[in-house]
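Here is final.cif, consisting of mmCIF, C-alpha atoms and all ligand atoms:
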```cif
data_input
loop_
_atom_site.label_atom_id
_atom_site.label_comp_id
_atom_site.auth_asym_id
_atom_site.auth_seq_id
_atom_site.Cartn_x
_atom_site.Cartn_y
_atom_site.Cartn_z
CA ILE U 1 0.00 0.00 0.00
CA TYR U 2 1.41 3.35 -1.05
CA VAL U 3 0.53 6.18 1.29
CA SER U 4 0.93 9.92 0.92
CA LEU U 5 2.34 11.37 4.10
CA TYR U 6 2.29 14.91 5.37
CA GLY U 7 4.61 16.52 7.89
CA THR U 8 8.31 16.53 8.66
CA ASP U 9 10.57 13.55 7.88
CA LYS U 10 10.32 12.50 11.52
CA GLU U 11 6.55 12.68 11.49
CA LYS U 12 6.40 10.73 8.26
CA LYS U 13 8.61 8.03 9.69
CA SER U 14 6.44 7.62 12.78
CA SER U 15 3.33 7.51 10.56
CA ILE U 16 4.84 4.59 8.59
CA ILE U 17 5.74 2.80 11.86
CA ALA U 18 2.21 3.33 13.19
CA LEU U 19 0.78 1.86 9.97
CA GLN U 20 3.15 -1.07 10.10
CA ASN U 21 2.14 -1.70 13.72
CA SER U 22 -1.50 -1.87 12.69
CA GLN U 23 -0.62 -4.29 9.88
CA GLY U 24 -2.52 -7.17 11.50
CA TRP U 25 -5.73 -5.20 11.81
CA VAL U 26 -5.53 -3.84 8.25
CA ARG U 27 -4.88 -7.32 6.93
CA ARG U 28 -7.91 -8.75 8.76
CA GLU U 29 -10.16 -5.95 7.49
CA LEU U 30 -8.88 -6.55 3.97
CA GLY U 31 -9.47 -10.24 4.30
CA LYS U 32 -13.17 -9.63 4.82
CA HIS U 33 -13.43 -7.96 1.45
CA LEU U 34 -11.07 -10.05 -0.67
CA ARG U 35 -12.25 -13.29 -2.22
CA MET U 36 -8.92 -15.03 -1.93
CA ARG U 37 -7.87 -18.10 -0.04
CA ASN U 38 -4.89 -16.37 1.52
CA THR U 39 -4.88 -12.72 2.38
CA PRO U 40 -1.63 -11.27 1.07
CA GLU U 41 0.85 -9.75 3.41
CA VAL U 42 0.47 -5.98 3.75
CA ARG U 43 3.37 -3.56 3.54
CA PHE U 44 3.34 0.19 3.61
CA TYR U 45 5.47 2.40 1.38
CA GLU U 46 5.72 6.10 1.27
CA ASP U 47 4.31 7.59 -1.93
CA ASP U 48 6.43 10.68 -2.67
CA THR U 49 4.48 11.73 -5.78
CA LEU U 50 3.04 14.71 -3.92
CA ASP U 51 6.49 15.88 -2.86
CA LYS U 52 7.60 15.67 -6.46
CA VAL U 53 4.55 17.67 -7.54
CA TYR U 54 5.35 20.36 -4.95
CA GLU U 55 8.97 20.40 -6.04
CA LEU U 56 7.95 20.84 -9.69
CA GLU U 57 5.47 23.57 -8.82
CA GLY U 58 8.22 25.37 -6.91
CA LEU U 59 10.52 25.12 -9.91
CA ILE U 60 7.90 26.47 -12.31
CA GLU U 61 7.15 29.33 -9.93
CA LYS U 62 10.85 30.15 -9.76
CA ILE U 63 11.17 30.16 -13.55
CA HIS U 64 8.28 32.68 -13.69
CA GLU U 65 9.91 34.86 -11.05
CA ASP U 66 13.28 34.74 -12.80
CA HIS U 67 11.52 35.53 -16.06
CA GLU U 68 9.83 38.59 -14.59
CA GLU U 69 13.07 39.83 -13.14
CA MET U 70 14.95 39.31 -16.39
CA PRO U 71 15.76 42.64 -18.03
CA PHE U 72 14.78 43.23 -21.64
CA ASN U 73 17.63 42.38 -23.95
CA HIS U 74 18.21 45.06 -26.61
CA VAL U 75 19.75 43.34 -29.62
CA GLY U 76 20.53 44.00 -33.29
CA PHE U 77 18.67 42.82 -36.38
CA ASP U 78 21.22 40.02 -36.90
CA LEU U 79 20.31 38.41 -33.58
CA ILE U 80 16.60 38.85 -34.26
CA LEU U 81 17.09 37.01 -37.52
CA GLU U 82 18.83 34.14 -35.71
CA ASP U 83 15.86 33.83 -33.37
CA LEU U 84 13.46 33.79 -36.28
CA LYS U 85 15.50 31.06 -37.96
CA ASN U 86 15.73 28.98 -34.79
CA ALA U 87 12.02 28.94 -34.01
CA GLU U 88 9.51 26.66 -35.70
CA SER U 89 6.15 28.22 -34.93
CA PHE U 90 5.11 31.83 -34.42
CA LEU U 91 2.42 34.10 -33.05
CA VAL U 92 2.69 37.47 -34.80
CA THR U 93 0.76 40.42 -33.43
CA ALA U 94 0.61 44.21 -32.96
CA HIS U 95 -1.34 46.81 -30.97
CA VAL U 96 -5.08 47.25 -30.49
CA SER U 97 -6.83 49.60 -32.96
CA PRO U 98 -4.37 48.52 -35.62
CA ASP U 99 -3.16 51.15 -38.07
CA GLY U 100 -1.39 50.70 -41.39
CA ASP U 101 1.95 50.17 -39.68
CA ALA U 102 0.54 47.49 -37.35
CA VAL U 103 -1.16 45.56 -40.16
CA GLY U 104 1.63 46.14 -42.68
CA SER U 105 4.32 45.06 -40.22
CA ILE U 106 2.49 41.86 -39.24
CA LEU U 107 1.99 40.89 -42.88
CA GLY U 108 5.52 41.92 -43.87
CA MET U 109 6.86 39.78 -41.03
CA CYS U 110 4.70 36.81 -42.13
CA HIS U 111 6.10 37.14 -45.67
CA LEU U 112 9.64 37.15 -44.29
CA LEU U 113 8.97 34.07 -42.14
CA LYS U 114 7.59 32.22 -45.16
CA LYS U 115 10.70 33.15 -47.14
CA LEU U 116 12.70 31.66 -44.27
CA GLY U 117 10.84 28.41 -44.88
CA LYS U 118 8.49 28.68 -41.91
CA THR U 119 4.98 27.32 -42.22
CA LYS U 120 3.49 27.49 -38.73
CA ILE U 121 2.60 31.16 -38.43
CA THR U 122 -0.46 32.67 -36.72
CA PRO U 123 -0.95 36.37 -37.43
CA MET U 124 -3.42 37.67 -34.82
CA LEU U 125 -5.00 40.98 -33.81
CA ALA U 126 -7.35 41.89 -30.97
CA ASP U 127 -9.36 44.24 -33.23
CA PRO U 128 -10.53 43.74 -36.80
CA VAL U 129 -8.31 44.83 -39.68
CA PRO U 130 -9.65 48.25 -40.85
CA LYS U 131 -11.42 48.04 -44.20
CA VAL U 132 -8.90 50.33 -45.89
CA PHE U 133 -6.19 47.66 -45.32
CA HIS U 134 -8.19 44.64 -46.52
CA SER U 135 -6.41 44.69 -49.86
CA LEU U 136 -2.97 44.06 -48.30
CA PRO U 137 -1.61 40.67 -49.41
CA GLY U 138 -2.45 38.21 -46.62
CA ALA U 139 -4.83 40.56 -44.73
CA ASP U 140 -7.48 37.82 -44.76
CA THR U 141 -5.11 35.44 -42.91
CA ILE U 142 -5.03 37.61 -39.76
CA VAL U 143 -7.16 35.87 -37.16
CA ASN U 144 -9.19 37.48 -34.42
CA ALA U 145 -8.13 36.99 -30.80
CA GLU U 146 -11.45 35.40 -29.80
CA GLU U 147 -9.89 31.99 -30.34
CA ALA U 148 -6.59 30.84 -28.83
CA PRO U 149 -3.76 30.31 -31.34
CA THR U 150 -2.26 26.87 -31.84
CA ASP U 151 0.79 26.47 -29.64
CA TYR U 152 3.92 28.32 -30.78
CA ASP U 153 7.61 28.78 -29.89
CA LEU U 154 8.02 32.50 -30.38
CA ALA U 155 5.69 35.48 -29.97
CA ILE U 156 6.55 38.49 -32.13
CA ILE U 157 4.98 41.77 -31.09
CA LEU U 158 5.25 44.59 -33.61
CA ASP U 159 4.74 48.35 -33.40
CA VAL U 160 4.21 48.04 -29.63
CA ALA U 161 6.38 47.10 -26.66
CA GLN U 162 3.70 46.71 -24.00
CA LEU U 163 1.97 43.33 -23.95
CA GLU U 164 -1.09 44.98 -22.46
CA ARG U 165 -1.46 47.05 -25.65
CA THR U 166 -1.92 43.90 -27.72
CA GLY U 167 -5.34 43.60 -26.05
CA LYS U 168 -6.82 40.14 -25.81
CA VAL U 169 -3.86 38.62 -27.64
CA ALA U 170 -1.86 39.14 -24.42
CA ASP U 171 -3.99 36.38 -22.81
CA TYR U 172 -2.23 33.92 -25.11
CA ILE U 173 1.30 35.12 -24.25
CA PRO U 174 2.11 33.73 -20.79
CA ALA U 175 5.25 34.81 -18.92
CA SER U 176 6.93 31.52 -19.85
CA LYS U 177 6.92 32.41 -23.59
CA LYS U 178 9.80 34.00 -25.39
CA VAL U 179 8.65 37.37 -26.72
CA LEU U 180 10.44 39.25 -29.45
CA VAL U 181 9.67 42.97 -29.73
CA ILE U 182 10.16 45.15 -32.81
CA ASP U 183 9.00 48.69 -32.19
CA HIS U 184 9.74 52.34 -32.93
CA HIS U 185 7.80 54.00 -30.09
CA LEU U 186 9.37 55.93 -27.23
CA VAL U 187 9.35 53.32 -24.44
CA ASP U 188 11.02 53.22 -21.05
CA ALA U 189 10.28 49.71 -19.84
CA PRO U 190 9.46 47.31 -22.65
CA ASP U 191 7.83 43.96 -21.99
CA GLY U 192 9.16 40.84 -23.63
CA THR U 193 12.43 38.95 -23.76
CA LEU U 194 14.44 40.69 -26.43
CA GLY U 195 14.16 42.90 -29.45
CA VAL U 196 14.93 46.11 -31.28
CA ILE U 197 13.27 49.30 -30.08
CA ASP U 198 14.47 52.22 -32.13
CA ALA U 199 12.55 55.48 -32.39
CA SER U 200 14.72 56.63 -35.30
CA PHE U 201 12.63 54.41 -37.59
CA ALA U 202 9.63 56.20 -39.04
CA ALA U 203 7.61 52.98 -39.08
CA THR U 204 7.92 49.48 -37.69
CA GLY U 205 7.44 48.34 -41.29
CA GLU U 206 10.86 49.89 -42.05
CA MET U 207 12.35 47.64 -39.38
CA VAL U 208 10.78 44.62 -41.04
CA TYR U 209 12.44 45.81 -44.25
CA GLU U 210 15.79 45.90 -42.39
CA LEU U 211 15.24 42.24 -41.50
CA PHE U 212 14.75 41.35 -45.18
CA LYS U 213 18.00 43.14 -45.88
CA THR U 214 19.84 41.43 -43.01
CA ALA U 215 18.61 38.05 -44.24
CA GLY U 216 19.72 38.87 -47.81
CA ILE U 217 16.20 38.11 -49.03
CA GLU U 218 15.05 40.13 -51.99
CA LEU U 219 11.86 42.09 -51.42
CA ASP U 220 8.99 40.92 -53.62
CA GLU U 221 5.96 42.95 -54.63
CA GLU U 222 3.75 41.46 -51.93
CA ALA U 223 6.09 42.20 -49.04
CA ALA U 224 6.80 45.61 -50.58
CA HIS U 225 3.06 46.36 -50.60
CA CYS U 226 2.84 45.63 -46.84
CA ILE U 227 5.89 47.70 -45.98
CA CYS U 228 4.73 50.53 -48.23
CA VAL U 229 1.41 50.79 -46.38
CA ALA U 230 3.22 50.72 -43.02
CA GLN U 231 5.52 53.51 -44.19
CA ILE U 232 3.02 55.81 -45.85
CA THR U 233 0.56 55.67 -42.94
CA ASP U 234 3.15 56.36 -40.24
CA THR U 235 4.91 59.10 -42.20
CA GLY U 236 1.69 60.63 -43.55
CA GLY U 237 2.98 60.05 -47.07
CA PHE U 238 6.57 61.04 -46.19
CA ARG U 239 5.47 64.39 -44.78
CA TYR U 240 5.88 63.96 -41.01
CA SER U 241 9.09 64.89 -39.19
CA ASN U 242 9.89 61.20 -38.55
CA THR U 243 10.60 60.81 -42.31
CA ASN U 244 14.32 60.54 -42.96
CA ALA U 245 16.75 59.60 -45.72
CA ARG U 246 16.49 55.90 -44.83
CA SER U 247 12.68 56.11 -45.30
CA HIS U 248 13.25 57.29 -48.86
CA HIS U 249 15.88 54.61 -49.55
CA ILE U 250 13.39 52.00 -48.42
CA ALA U 251 10.69 53.64 -50.54
CA ALA U 252 13.03 53.38 -53.53
CA ALA U 253 13.55 49.67 -52.86
CA ILE U 254 9.78 49.26 -52.68
CA ILE U 255 9.23 50.98 -56.02
CA GLU U 256 12.03 48.92 -57.59
CA THR U 257 10.04 45.73 -56.95
CA GLY U 258 7.60 47.00 -59.57
CA LEU U 259 4.84 47.77 -57.07
CA ASP U 260 2.36 50.35 -58.31
CA VAL U 261 2.34 52.72 -55.35
CA SER U 262 -0.08 55.33 -56.66
CA PRO U 263 -3.36 53.36 -56.23
CA ILE U 264 -2.22 52.32 -52.75
CA CYS U 265 -1.69 55.97 -51.76
CA HIS U 266 -5.02 56.88 -53.31
CA GLN U 267 -6.80 54.24 -51.25
CA VAL U 268 -5.04 55.17 -47.99
CA PHE U 269 -5.20 58.96 -48.28
CA ASP U 270 -7.89 60.01 -50.71
CA THR U 271 -10.76 57.68 -49.92
CA MET U 272 -13.23 58.43 -47.15
CA THR U 273 -16.09 56.14 -46.08
CA LEU U 274 -19.49 57.79 -45.82
CA PRO U 275 -19.64 57.18 -42.01
CA LYS U 276 -16.26 58.87 -41.68
CA PHE U 277 -17.55 61.88 -43.59
CA LYS U 278 -20.53 62.12 -41.20
CA LEU U 279 -18.21 61.81 -38.19
CA LEU U 280 -15.98 64.53 -39.63
CA GLN U 281 -19.02 66.82 -39.81
CA THR U 282 -19.81 66.20 -36.12
CA TYR U 283 -16.13 66.54 -35.17
CA LEU U 284 -15.91 69.92 -36.92
CA SER U 285 -19.20 71.19 -35.49
CA ARG U 286 -17.89 70.58 -31.97
CA LEU U 287 -14.36 71.83 -32.49
CA SER U 288 -13.27 74.25 -29.74
CA PHE U 289 -10.09 76.09 -28.85
CA CYS U 290 -8.31 76.55 -25.56
CA ALA U 291 -4.92 77.67 -24.23
CA ASN U 292 -5.13 80.91 -26.24
CA GLY U 293 -5.84 79.04 -29.45
CA LYS U 294 -2.84 76.75 -29.09
CA ALA U 295 -5.03 73.69 -28.64
CA ALA U 296 -8.01 72.60 -30.75
CA TRP U 297 -10.18 69.88 -29.35
CA SER U 298 -13.34 67.97 -30.16
CA TRP U 299 -15.12 64.85 -29.05
CA LEU U 300 -17.09 61.91 -30.39
CA THR U 301 -18.99 59.25 -28.49
CA ALA U 302 -19.77 55.63 -29.17
CA LYS U 303 -23.32 56.83 -29.88
CA ASP U 304 -22.02 59.20 -32.58
CA LEU U 305 -20.20 56.28 -34.13
CA GLU U 306 -23.33 54.16 -34.05
CA GLU U 307 -25.50 56.89 -35.57
CA ALA U 308 -23.00 57.43 -38.37
CA GLY U 309 -22.82 53.65 -38.95
CA GLY U 310 -19.04 53.85 -38.52
CA GLN U 311 -16.27 51.82 -36.95
CA ARG U 312 -13.50 53.04 -34.65
CA GLU U 313 -11.17 53.15 -37.63
CA ASP U 314 -13.35 55.94 -39.06
CA LEU U 315 -12.03 58.25 -36.32
CA ASP U 316 -8.46 57.92 -37.62
CA GLY U 317 -7.07 61.18 -38.88
CA LEU U 318 -9.93 63.42 -37.70
CA VAL U 319 -7.70 64.89 -34.97
CA ASN U 320 -5.40 66.27 -37.67
CA TYR U 321 -8.04 68.76 -38.82
CA GLY U 322 -7.74 70.57 -35.46
CA ARG U 323 -3.97 70.35 -35.33
CA ASN U 324 -3.69 71.75 -38.87
CA ILE U 325 -5.35 75.06 -38.04
CA GLU U 326 -3.08 78.07 -38.04
CA GLY U 327 -1.71 78.89 -34.57
CA VAL U 328 -2.64 75.48 -33.15
CA THR U 329 0.15 73.43 -31.57
CA VAL U 330 -1.91 70.50 -30.30
CA GLY U 331 -4.98 68.79 -31.71
CA VAL U 332 -7.01 66.66 -29.31
CA LEU U 333 -9.79 64.19 -29.95
CA PHE U 334 -11.68 62.68 -27.04
CA SER U 335 -13.73 59.59 -27.78
CA THR U 336 -15.56 56.91 -25.85
CA LEU U 337 -14.75 53.26 -26.33
CA GLU U 338 -17.34 52.16 -23.75
CA GLU U 339 -19.42 54.19 -21.33
CA THR U 340 -16.63 54.39 -18.78
CA VAL U 341 -13.62 53.92 -21.04
CA SER U 342 -12.38 57.01 -22.83
CA LYS U 343 -9.64 57.56 -25.34
CA VAL U 344 -7.52 60.67 -25.92
CA SER U 345 -5.73 61.17 -29.22
CA LEU U 346 -3.12 63.87 -29.57
CA ARG U 347 -1.35 65.29 -32.61
CA SER U 348 1.18 68.04 -32.12
CA GLU U 349 3.68 70.34 -33.74
CA GLU U 350 7.36 69.86 -33.04
CA GLU U 351 7.57 72.07 -29.93
CA PHE U 352 5.17 69.86 -27.96
CA ASN U 353 5.90 66.25 -26.98
CA SER U 354 2.55 64.44 -27.04
CA ALA U 355 3.84 61.08 -25.73
CA GLN U 356 5.54 62.76 -22.80
CA PHE U 357 2.45 64.81 -22.00
CA LEU U 358 0.14 61.78 -22.05
CA SER U 359 2.44 59.64 -19.93
CA GLN U 360 0.85 61.25 -16.81
CA PHE U 361 -2.41 59.63 -17.94
CA GLY U 362 -0.83 56.25 -18.63
CA GLY U 363 -0.60 56.89 -22.37
CA GLY U 364 2.24 56.94 -24.85
CA GLY U 365 3.19 56.87 -28.51
CA HIS U 366 5.37 59.35 -30.37
CA ALA U 367 6.33 62.99 -29.86
CA ALA U 368 4.00 64.12 -32.63
CA ALA U 369 1.23 61.51 -32.23
CA ALA U 370 0.17 59.87 -29.02
CA GLY U 371 -2.80 58.34 -27.27
CA ALA U 372 -4.08 57.32 -23.87
CA THR U 373 -6.92 55.11 -22.72
CA LEU U 374 -8.55 55.94 -19.38
CA THR U 375 -11.17 54.00 -17.46
CA GLU U 376 -13.25 57.10 -16.73
CA PRO U 377 -16.26 58.82 -18.31
CA LEU U 378 -15.58 61.22 -21.17
CA ASP U 379 -16.48 64.43 -19.28
CA ALA U 380 -14.07 63.71 -16.43
CA VAL U 381 -11.29 62.89 -18.90
CA LYS U 382 -11.98 66.02 -20.93
CA ASP U 383 -11.78 68.20 -17.82
CA LYS U 384 -8.53 66.89 -16.49
CA VAL U 385 -6.69 66.51 -19.80
CA LEU U 386 -7.63 70.01 -20.97
CA LYS U 387 -6.62 71.50 -17.63
CA ALA U 388 -3.23 69.78 -17.78
CA LEU U 389 -2.88 70.80 -21.43
CA GLU U 390 -3.53 74.46 -20.69
CA ALA U 391 -0.94 74.36 -17.92
CA ALA U 392 1.59 72.63 -20.19
CA LEU U 393 1.05 75.05 -23.09
CA GLU U 394 1.35 78.09 -20.85
CA ALA U 395 4.55 76.83 -19.24
P1 LIG V 401 -3.95 57.19 -32.17
O1 LIG V 401 -4.27 58.53 -31.62
O2 LIG V 401 -3.89 57.19 -33.66
O3 LIG V 401 -4.84 56.10 -31.62
O4 LIG V 401 -2.51 56.82 -31.65
C1 LIG V 401 -1.40 57.61 -31.87
C2 LIG V 401 -0.17 56.96 -31.32
O5 LIG V 401 -0.29 56.80 -29.90
C3 LIG V 401 0.08 55.57 -31.85
O6 LIG V 401 1.47 55.47 -32.09
C4 LIG V 401 -0.34 54.62 -30.77
O7 LIG V 401 0.48 53.50 -30.74
C5 LIG V 401 -0.20 55.45 -29.50
N1 LIG V 401 -1.35 55.19 -28.62
C6 LIG V 401 -2.65 55.30 -28.93
N2 LIG V 401 -3.43 54.98 -27.89
C7 LIG V 401 -2.61 54.65 -26.87
C8 LIG V 401 -2.82 54.20 -25.53
O8 LIG V 401 -3.94 54.05 -25.06
N3 LIG V 401 -1.70 53.95 -24.78
C9 LIG V 401 -0.45 54.12 -25.29
N4 LIG V 401 0.60 53.84 -24.48
N5 LIG V 401 -0.22 54.51 -26.54
C10 LIG V 401 -1.27 54.78 -27.34
MN MN V 402 4.01 52.58 -35.98
#
```

Take the structure in the file and write it out as structure tokens.
Ligand code: 5GP
Ligand code: MN
Amino acid sequence: IYVSLYGTDKEKKSSIIALQNSQGWVRRELGKHLRMRNTPEVRFYEDDTLDKVYELEGLIEKIHEDHEEMPFNHVGFDLILEDLKNAESFLVTAHVSPDGDAVGSILGMCHLLKKLGKTKITPMLADPVPKVFHSLPGADTIVNAEEAPTDYDLAIILDVAQLERTGKVADYIPASKKVLVIDHHLVDAPDGTLGVIDASFAATGEMVYELFKTAGIELDEEAAHCICVAQITDTGGFRYSNTNARSHHIAAAIIETGLDVSPICHQVFDTMTLPKFKLLQTYLSRLSFCANGKAAWSWLTAKDLEEAGGQREDLDGLVNYGRNIEGVTVGVLFSTLEETVSKVSLRSEEEFNSAQFLSQFGGGGHAAAAGATLTEPLDAVKDKVLKALEAALEA
């Protein structure tokens, strides 16, 4: 008979002795139930399975603790490439409310992985791919986070360095997983195991391009299409201050693949859905100024979205209309995600750092474009953000 024993070694030993001493009684009781001529002799052994279970649990716990304490390892593209080559299966994701850079980077990365001979790739996003990006090659392969991905070796998070900002996808990235980060946001404390975080890149898509280059893999039209969309959305068609010479070199490489860039630009910049047009009307009708005209702000609710028949993606870019007005340094759009969850979007001129300003509200992003999500009603968020903004612009 194997018995699980609790207590100290001494206590366990005396428990075994006590059981052995009652051997006769146990044997007699057994005899009453067994249909055998001779009742077998009874011996007691300690079953240490539980101890082993506890030991294993302790080990797993320790691995998690070590993992959490492990600092993020900033590496170069060559090491990233090695990690991509060494893994077999991948979860590839980006931030919630995906923009062109998020979608383009995911799909560019998937193309690269396929070129590296990988077949087990799950591209996943917490929110749907905006309609304007449906024509990207592979856009229909991006799965929604409602369903868990098949198991994978390596998680790749793109255009974001905070797991929390991948939304529901983060549920499928436990602390035990290796997480590779490729991002160009201003971040202090990235999540994940290792990666490249470099704010000198105008788009994460440009970093994916660097990986093609590092791997010596020639860009094809499909990958070029994905990287092009990432680049043109994050640089506003090469107009924003993040655009640099490297951006244009990459753009040249994209055009050299034979990709027809003009219709892509037309779709991204010159096409507006009817709901977006209606939302723009409401946005403009509510536009107000504060801080002596240095800030222009407006607001839209989930109800406005519903009435216009629009999606969240239809709010993209509206904030620029305020920022673009003469004399305005900062454009602000307040919107509701749910009744008690509000979003702030900021776009600013060079003299104002939007990401830094929004960090006091738990937000982040870039100097010229940043956002924050607060679990508070819209009015309360409006009040405190505008107050802080006035103080910051007067300083
Ligand atoms: P948008 O205003 O277009 O949603 O976002 C502008 C920039 O700010 C993007 O680079 C985006 O990644 C970042 N951003 C937007 N919302 C949030 C947020 O809630 N938290 C943080 N940390 N960054 C955000
Ligand atoms: Mn980006």

Within 6 Å of ligand MN 402 (chain V): each chain U residue with its shortest pair, only C-alpha atoms and all ligand atoms, as CSV:
```
residue,atom,partner,partner_atom,distance
U:Asp101,CA,V:MN402,MN,4.9
U:Asp159,CA,V:MN402,MN,5.0
U:Ala203,CA,V:MN402,MN,4.8
U:Thr204,CA,V:MN402,MN,5.3
U:Asp234,CA,V:MN402,MN,5.8
```

> Hey, which residues come within 10 Å of ligand LIG 401 (chain V) if we count only C-alpha atoms and all ligand atoms? Could you give them as an MDAnalysis selection string?
Replying inline: chainID U and resid 94:99 101:102 159:162 164:165 183:187 203 234 312:313 315:320 332:334 342:347 354:355 358:359 361:374

Would you mind exporting the chosen residues as a PDB file, in the coordinates of the input, restricted to C-alpha atoms?
```pdb
ATOM      1  CA  ALA U  94       0.610  44.210 -32.960  1.00  0.00           C
ATOM      2  CA  HIS U  95      -1.340  46.810 -30.970  1.00  0.00           C
ATOM      3  CA  VAL U  96      -5.080  47.250 -30.490  1.00  0.00           C
ATOM      4  CA  SER U  97      -6.830  49.600 -32.960  1.00  0.00           C
ATOM      5  CA  PRO U  98      -4.370  48.520 -35.620  1.00  0.00           C
ATOM      6  CA  ASP U  99      -3.160  51.150 -38.070  1.00  0.00           C
ATOM      7  CA  ASP U 101       1.950  50.170 -39.680  1.00  0.00           C
ATOM      8  CA  ALA U 102       0.540  47.490 -37.350  1.00  0.00           C
ATOM      9  CA  ASP U 159       4.740  48.350 -33.400  1.00  0.00           C
ATOM     10  CA  VAL U 160       4.210  48.040 -29.630  1.00  0.00           C
ATOM     11  CA  ALA U 161       6.380  47.100 -26.660  1.00  0.00           C
ATOM     12  CA  GLN U 162       3.700  46.710 -24.000  1.00  0.00           C
ATOM     13  CA  GLU U 164      -1.090  44.980 -22.460  1.00  0.00           C
ATOM     14  CA  ARG U 165      -1.460  47.050 -25.650  1.00  0.00           C
ATOM     15  CA  ASP U 183       9.000  48.690 -32.190  1.00  0.00           C
ATOM     16  CA  HIS U 184       9.740  52.340 -32.930  1.00  0.00           C
ATOM     17  CA  HIS U 185       7.800  54.000 -30.090  1.00  0.00           C
ATOM     18  CA  LEU U 186       9.370  55.930 -27.230  1.00  0.00           C
ATOM     19  CA  VAL U 187       9.350  53.320 -24.440  1.00  0.00           C
ATOM     20  CA  ALA U 203       7.610  52.980 -39.080  1.00  0.00           C
ATOM     21  CA  ASP U 234       3.150  56.360 -40.240  1.00  0.00           C
ATOM     22  CA  ARG U 312     -13.500  53.040 -34.650  1.00  0.00           C
ATOM     23  CA  GLU U 313     -11.170  53.150 -37.630  1.00  0.00           C
ATOM     24  CA  LEU U 315     -12.030  58.250 -36.320  1.00  0.00           C
ATOM     25  CA  ASP U 316      -8.460  57.920 -37.620  1.00  0.00           C
ATOM     26  CA  GLY U 317      -7.070  61.180 -38.880  1.00  0.00           C
ATOM     27  CA  LEU U 318      -9.930  63.420 -37.700  1.00  0.00           C
ATOM     28  CA  VAL U 319      -7.700  64.890 -34.970  1.00  0.00           C
ATOM     29  CA  ASN U 320      -5.400  66.270 -37.670  1.00  0.00           C
ATOM     30  CA  VAL U 332      -7.010  66.660 -29.310  1.00  0.00           C
ATOM     31  CA  LEU U 333      -9.790  64.190 -29.950  1.00  0.00           C
ATOM     32  CA  PHE U 334     -11.680  62.680 -27.040  1.00  0.00           C
ATOM     33  CA  SER U 342     -12.380  57.010 -22.830  1.00  0.00           C
ATOM     34  CA  LYS U 343      -9.640  57.560 -25.340  1.00  0.00           C
ATOM     35  CA  VAL U 344      -7.520  60.670 -25.920  1.00  0.00           C
ATOM     36  CA  SER U 345      -5.730  61.170 -29.220  1.00  0.00           C
ATOM     37  CA  LEU U 346      -3.120  63.870 -29.570  1.00  0.00           C
ATOM     38  CA  ARG U 347      -1.350  65.290 -32.610  1.00  0.00           C
ATOM     39  CA  SER U 354       2.550  64.440 -27.040  1.00  0.00           C
ATOM     40  CA  ALA U 355       3.840  61.080 -25.730  1.00  0.00           C
ATOM     41  CA  LEU U 358       0.140  61.780 -22.050  1.00  0.00           C
ATOM     42  CA  SER U 359       2.440  59.640 -19.930  1.00  0.00           C
ATOM     43  CA  PHE U 361      -2.410  59.630 -17.940  1.00  0.00           C
ATOM     44  CA  GLY U 362      -0.830  56.250 -18.630  1.00  0.00           C
ATOM     45  CA  GLY U 363      -0.600  56.890 -22.370  1.00  0.00           C
ATOM     46  CA  GLY U 364       2.240  56.940 -24.850  1.00  0.00           C
ATOM     47  CA  GLY U 365       3.190  56.870 -28.510  1.00  0.00           C
ATOM     48  CA  HIS U 366       5.370  59.350 -30.370  1.00  0.00           C
ATOM     49  CA  ALA U 367       6.330  62.990 -29.860  1.00  0.00           C
ATOM     50  CA  ALA U 368       4.000  64.120 -32.630  1.00  0.00           C
ATOM     51  CA  ALA U 369       1.230  61.510 -32.230  1.00  0.00           C
ATOM     52  CA  ALA U 370       0.170  59.870 -29.020  1.00  0.00           C
ATOM     53  CA  GLY U 371      -2.800  58.340 -27.270  1.00  0.00           C
ATOM     54  CA  ALA U 372      -4.080  57.320 -23.870  1.00  0.00           C
ATOM     55  CA  THR U 373      -6.920  55.110 -22.720  1.00  0.00           C
ATOM     56  CA  LEU U 374      -8.550  55.940 -19.380  1.00  0.00           C
TER      57      LEU U 374
END
```

>> Within 7 Å of (4.0, 40.9, -34.4) (file coordinates; all atoms listed in the file), which protein or nucleic acid residues are there? I'd like them as a list in words.
In response: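 Taken together, the residues in range are Val92, Thr93, Ala94, Ile106, Ile156, Ile157 and Leu158 of chain U.
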
>> List as a VMD selection string the protein and nucleic acid residues near Glu88 of chain U, meaning an atom at most 10 Å away when only C-alpha atoms are counted, but skip any in the same chain fewer than 4 places from it.
In response: chain U and resid 83 to 84 113 117 to 121 152 to 154

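Around Glu147 of chain U, within 10 Å and counting all atoms listed in the file, the residues found are Met124, Val143, Lys168, Val169 and Tyr172 of chain U, once anything fewer than 4 positions away on its own chain is removed.
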
> What is the distance, in Å and to one decimal place, between atom CA of Leu305 of chain U and atom CA of Leu337 of chain U?
Replying inline: 10.0 Å

>> Please report the interatomic distance between atom CA of Ser89 of chain U and atom CA of Ala224 of chain U in Å with one decimal.
In response: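 About the pair atom CA of Ser89 of chain U and atom CA of Ala224 of chain U: they are 23.4 Å apart.
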
>> Residues within 6 Å of Glu221 of chain U, please, as an MDAnalysis selection string. Count all atoms listed in the file; anything in the same chain fewer than 2 positions from it doesn't count.
In response: chainID U and resid 223:224 257 259

> What gap, in Å, lies between atom CA of Ser298 of chain U and atom CA of Phe133 of chain U?
Replying inline: 26.3 Å

Near Leu116 of chain U, counting only C-alpha atoms, which residues have an atom at most 10 Å away, once you skip same-chain residues fewer than 5 positions from it, shown as a short mmCIF file (atom, residue, chain, number, x, y, z; two decimals) with C-alpha atoms, keeping the file's coordinate frame?
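Result went into result_31.cif, see below:
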```cif
data_model
loop_
_atom_site.label_atom_id
_atom_site.label_comp_id
_atom_site.auth_asym_id
_atom_site.auth_seq_id
_atom_site.Cartn_x
_atom_site.Cartn_y
_atom_site.Cartn_z
CA LEU U 81 17.09 37.01 -37.52
CA LEU U 84 13.46 33.79 -36.28
CA LYS U 85 15.50 31.06 -37.96
CA CYS U 110 4.70 36.81 -42.13
CA HIS U 111 6.10 37.14 -45.67
CA PHE U 212 14.75 41.35 -45.18
CA ALA U 215 18.61 38.05 -44.24
CA ILE U 217 16.20 38.11 -49.03
#
```
